[in-house]
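Written out below as C-alpha cells is the structure these notes cover.
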Amino acid sequence: MRQPPEPKKNLTHLDEGGDARMVDVSEKWPTVREAIAAGVIRMKRETLEAIESGNAPKGDVLTTAKLAGILGAKQTAQLIPLCHPLPLTKIDVRITPDWEIPGYRLEATVKTKAETGVEMEALTAVSVAALTLYDMAKALEKTMEIEGIRLVKKTGGRGEGGMMR
C-alpha cells in the first residue's frame, strides 16, 4: 500500500497528513495588500484594427473584457478551491492596444485590507479579461493567443514581495 508523502513544514496548504487544506489566517493582522498581474493576447493586425474601430460582431469588446476581469477578481474564492474570500477595496483592469505585438496588454491591480494577499485575484482578473476578449473577438479570428499571464508586483503582508520577474 502506498504511503502518503511526508508533509514539508513550510507547505501551509497541507495538513499533518499531507491533505490539502485552507490556511487558517485568523491569527494574522489585516494589512493593506496589493497585487499587480499582467498578460498579453496576440492577434492578427486586422483583428486589432476591427476591435479598435468598434467593428467587432459582438459589440464593445474592451469594456466587456474589463468588466469581466473585475467580476473574475470578485469571484476568485469560488473558482480557486483554497483561496480565501476577501473584501476587495480596489480592482483596476487596463487593456491597452500594442501594435507591435499586435494585440493587447492586460494589467490588473487588486487591493484589500485583509489577513492574506490578493495575488490570485489579480491573476484571475487578467485571465478572465483575456478569455472574454478572446470570446468577444473569436468571430473575427480563432487563432488569437493568450500568453505571459504572471504576477508583476505584490506589496503588503509578511512576505513583502515587491517587483517580480
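Residue numbering restarts at 1 in every chain; chains get A, B, ... in the order shown in the C-alpha cells, and ligands count up from 1 in that same order.
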- Quick one: residues within 12 Å of A:Ala65, only C-alpha atoms counted, chain neighbours fewer than 4 positions away excluded, as a PyMOL selection string? chain A and resi 41+51+58-61+69-72+93-96+104+106-108+125-137
- Message: Residues within 8 Å of A:Leu123, please, as number ranges by chain. Count only C-alpha atoms; anything in the same chain fewer than 5 positions from it doesn't count.
- Response: A: 36-38, 73, 108, 149-151
Preceding selection exported with all heavy atoms as a compact mmCIF listing (two decimals), in the first residue's frame:
```txt
# COMPACT_ATOMS: atom_id res chain seq x y z
N ILE A 36 -0.34 43.21 -8.59
CA ILE A 36 -0.49 43.58 -9.99
C ILE A 36 -0.12 42.37 -10.83
O ILE A 36 0.93 41.75 -10.62
CB ILE A 36 0.41 44.77 -10.36
CG1 ILE A 36 0.06 45.99 -9.50
CG2 ILE A 36 0.28 45.10 -11.85
CD1 ILE A 36 1.03 47.15 -9.65
N ALA A 37 -1.00 42.01 -11.75
CA ALA A 37 -0.76 40.91 -12.68
C ALA A 37 -0.86 41.45 -14.10
O ALA A 37 -1.50 42.48 -14.34
CB ALA A 37 -1.76 39.79 -12.45
N ALA A 38 -0.23 40.74 -15.02
CA ALA A 38 -0.24 41.19 -16.41
C ALA A 38 -0.29 39.99 -17.35
O ALA A 38 -0.01 38.86 -16.95
CB ALA A 38 1.01 42.03 -16.71
N ALA A 73 -12.11 38.81 -10.62
CA ALA A 73 -11.38 39.04 -9.37
C ALA A 73 -12.31 38.84 -8.17
O ALA A 73 -11.93 38.23 -7.17
CB ALA A 73 -10.78 40.45 -9.35
N ALA A 108 -3.95 44.06 -14.30
CA ALA A 108 -4.95 44.19 -13.25
C ALA A 108 -4.26 44.52 -11.94
O ALA A 108 -3.25 43.89 -11.59
CB ALA A 108 -5.76 42.91 -13.10
N ILE A 149 0.71 35.35 -18.70
CA ILE A 149 -0.01 35.79 -17.51
C ILE A 149 0.88 35.52 -16.30
O ILE A 149 1.32 34.40 -16.09
CB ILE A 149 -1.38 35.11 -17.39
CG1 ILE A 149 -2.26 35.53 -18.58
CG2 ILE A 149 -2.05 35.46 -16.05
CD1 ILE A 149 -3.58 34.84 -18.65
N ARG A 150 1.14 36.58 -15.54
CA ARG A 150 2.10 36.47 -14.44
C ARG A 150 1.84 37.54 -13.39
O ARG A 150 1.22 38.57 -13.68
CB ARG A 150 3.52 36.63 -14.97
CG ARG A 150 3.79 38.03 -15.47
CD ARG A 150 4.93 38.11 -16.46
NE ARG A 150 5.10 39.46 -16.98
CZ ARG A 150 4.36 40.01 -17.93
NH1 ARG A 150 3.36 39.33 -18.47
NH2 ARG A 150 4.60 41.23 -18.35
N LEU A 151 2.37 37.29 -12.20
CA LEU A 151 2.36 38.29 -11.13
C LEU A 151 3.51 39.24 -11.38
O LEU A 151 4.65 38.81 -11.58
CB LEU A 151 2.50 37.60 -9.78
CG LEU A 151 2.45 38.51 -8.56
CD1 LEU A 151 1.07 39.14 -8.42
CD2 LEU A 151 2.80 37.72 -7.31
```
- Message: DSSP on the backbone, strand (DSSP E or B) only: what residues of stretch 54-106 of chain A does that give? Format it as a PyMOL selection string.
- Response: chain A and resi 88-98+103-106
I need the chosen residues saved as a short mmCIF file (atom, residue, chain, number, x, y, z; two decimals), in the first residue's frame, with N, CA and C atoms.
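File produced: selection.cif:
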```cif
data_model
loop_
_atom_site.label_atom_id
_atom_site.label_comp_id
_atom_site.auth_asym_id
_atom_site.auth_seq_id
_atom_site.Cartn_x
_atom_site.Cartn_y
_atom_site.Cartn_z
N LEU A 88 -12.46 43.04 -1.29
CA LEU A 88 -11.61 43.78 -2.23
C LEU A 88 -11.98 45.26 -2.20
N THR A 89 -10.98 46.11 -2.08
CA THR A 89 -11.23 47.55 -1.99
C THR A 89 -10.90 48.27 -3.29
N LYS A 90 -10.17 47.60 -4.19
CA LYS A 90 -9.84 48.20 -5.48
C LYS A 90 -9.61 47.09 -6.49
N ILE A 91 -10.21 47.25 -7.66
CA ILE A 91 -9.92 46.38 -8.80
C ILE A 91 -9.84 47.29 -10.02
N ASP A 92 -8.68 47.32 -10.64
CA ASP A 92 -8.49 48.15 -11.83
C ASP A 92 -7.94 47.25 -12.93
N VAL A 93 -8.69 47.14 -14.02
CA VAL A 93 -8.26 46.33 -15.16
C VAL A 93 -8.00 47.28 -16.32
N ARG A 94 -6.79 47.19 -16.88
CA ARG A 94 -6.42 48.02 -18.01
C ARG A 94 -6.10 47.13 -19.21
N ILE A 95 -6.64 47.50 -20.36
CA ILE A 95 -6.42 46.76 -21.60
C ILE A 95 -5.92 47.77 -22.63
N THR A 96 -4.66 47.62 -23.02
CA THR A 96 -4.00 48.61 -23.86
C THR A 96 -3.58 47.99 -25.19
N PRO A 97 -3.96 48.63 -26.30
CA PRO A 97 -3.52 48.09 -27.60
C PRO A 97 -2.01 48.24 -27.76
N ASP A 98 -1.40 47.26 -28.39
CA ASP A 98 0.03 47.30 -28.70
C ASP A 98 0.18 46.82 -30.13
N GLY A 103 -1.68 43.16 -30.71
CA GLY A 103 -2.64 42.63 -29.75
C GLY A 103 -2.83 43.60 -28.60
N TYR A 104 -3.11 43.05 -27.43
CA TYR A 104 -3.38 43.87 -26.26
C TYR A 104 -2.53 43.43 -25.08
N ARG A 105 -2.13 44.40 -24.29
CA ARG A 105 -1.50 44.16 -22.99
C ARG A 105 -2.58 44.35 -21.94
N LEU A 106 -2.68 43.37 -21.05
CA LEU A 106 -3.68 43.44 -19.98
C LEU A 106 -2.95 43.57 -18.65
#
```
- note - atom CA of A:Trp29 and atom CA of A:Leu79 are separated by 25.2 Å
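The coordinates place atom CA of A:Thr31 at 11.5 Å from atom CA of A:Val118.
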- Taken to one decimal, the atom CA of A:Ala20-atom CA of A:Gly39 distance is 28.7 Å
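Excluding A:Gly157 itself and same-chain residues fewer than 4 positions from it, the residues having an atom within 10 Å of it are Lys28, Trp29, Pro30, Thr31, Val32, Arg33, Glu34, Lys113, Ala114, Glu115, Thr116, Gly117 and Gly161 of chain A, counting only C-alpha atoms.
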- Message: Counting only C-alpha atoms, which residue out of A:Leu140, A:Ala68, A:Val23, A:Met120 sits closest to A:Ile80?
- Response: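 That would be A:Met120, the residue with the smallest distance to A:Ile80.
Here the DSSP assignment of helix (DSSP H, G or I), based on backbone atoms, applies within stretch 31-106 of chain A to Arg45, Glu46, Thr47, Leu48, Glu49, Ala50, Ile51, Glu52, Val61, Leu62, Thr63, Thr64, Ala65, Lys66, Leu67, Ala68, Gly69, Ile70, Leu71, Gly72, Ala73, Lys74, Thr76, Ala77, Gln78 and Leu79 of chain A.
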Please produce an output containing C-alpha atoms for each residue in the selection, written as a PDB file, in the first residue's frame.
```pdb
ATOM      1  CA  ARG A  45      -3.447  43.156 -37.143  1.00  0.00           C
ATOM      2  CA  GLU A  46      -6.855  43.087 -38.865  1.00  0.00           C
ATOM      3  CA  THR A  47      -8.497  41.819 -35.671  1.00  0.00           C
ATOM      4  CA  LEU A  48      -6.865  44.560 -33.605  1.00  0.00           C
ATOM      5  CA  GLU A  49      -7.980  47.145 -36.154  1.00  0.00           C
ATOM      6  CA  ALA A  50     -11.590  45.876 -36.038  1.00  0.00           C
ATOM      7  CA  ILE A  51     -11.690  45.968 -32.226  1.00  0.00           C
ATOM      8  CA  GLU A  52     -10.104  49.426 -32.071  1.00  0.00           C
ATOM      9  CA  VAL A  61     -15.071  44.104 -26.746  1.00  0.00           C
ATOM     10  CA  LEU A  62     -12.848  46.119 -24.412  1.00  0.00           C
ATOM     11  CA  THR A  63     -15.498  47.321 -21.965  1.00  0.00           C
ATOM     12  CA  THR A  64     -16.953  43.829 -21.739  1.00  0.00           C
ATOM     13  CA  ALA A  65     -13.493  42.297 -21.137  1.00  0.00           C
ATOM     14  CA  LYS A  66     -12.664  44.916 -18.486  1.00  0.00           C
ATOM     15  CA  LEU A  67     -15.928  44.281 -16.614  1.00  0.00           C
ATOM     16  CA  ALA A  68     -15.391  40.521 -16.868  1.00  0.00           C
ATOM     17  CA  GLY A  69     -11.924  40.928 -15.333  1.00  0.00           C
ATOM     18  CA  ILE A  70     -13.388  42.892 -12.428  1.00  0.00           C
ATOM     19  CA  LEU A  71     -16.071  40.256 -11.880  1.00  0.00           C
ATOM     20  CA  GLY A  72     -13.458  37.499 -12.160  1.00  0.00           C
ATOM     21  CA  ALA A  73     -11.382  39.038  -9.367  1.00  0.00           C
ATOM     22  CA  LYS A  74     -14.503  39.235  -7.181  1.00  0.00           C
ATOM     23  CA  THR A  76     -11.767  34.133  -7.223  1.00  0.00           C
ATOM     24  CA  ALA A  77     -12.661  32.320  -3.988  1.00  0.00           C
ATOM     25  CA  GLN A  78     -15.436  30.458  -5.853  1.00  0.00           C
ATOM     26  CA  LEU A  79     -13.068  29.445  -8.664  1.00  0.00           C
TER      27      LEU A  79
END
```
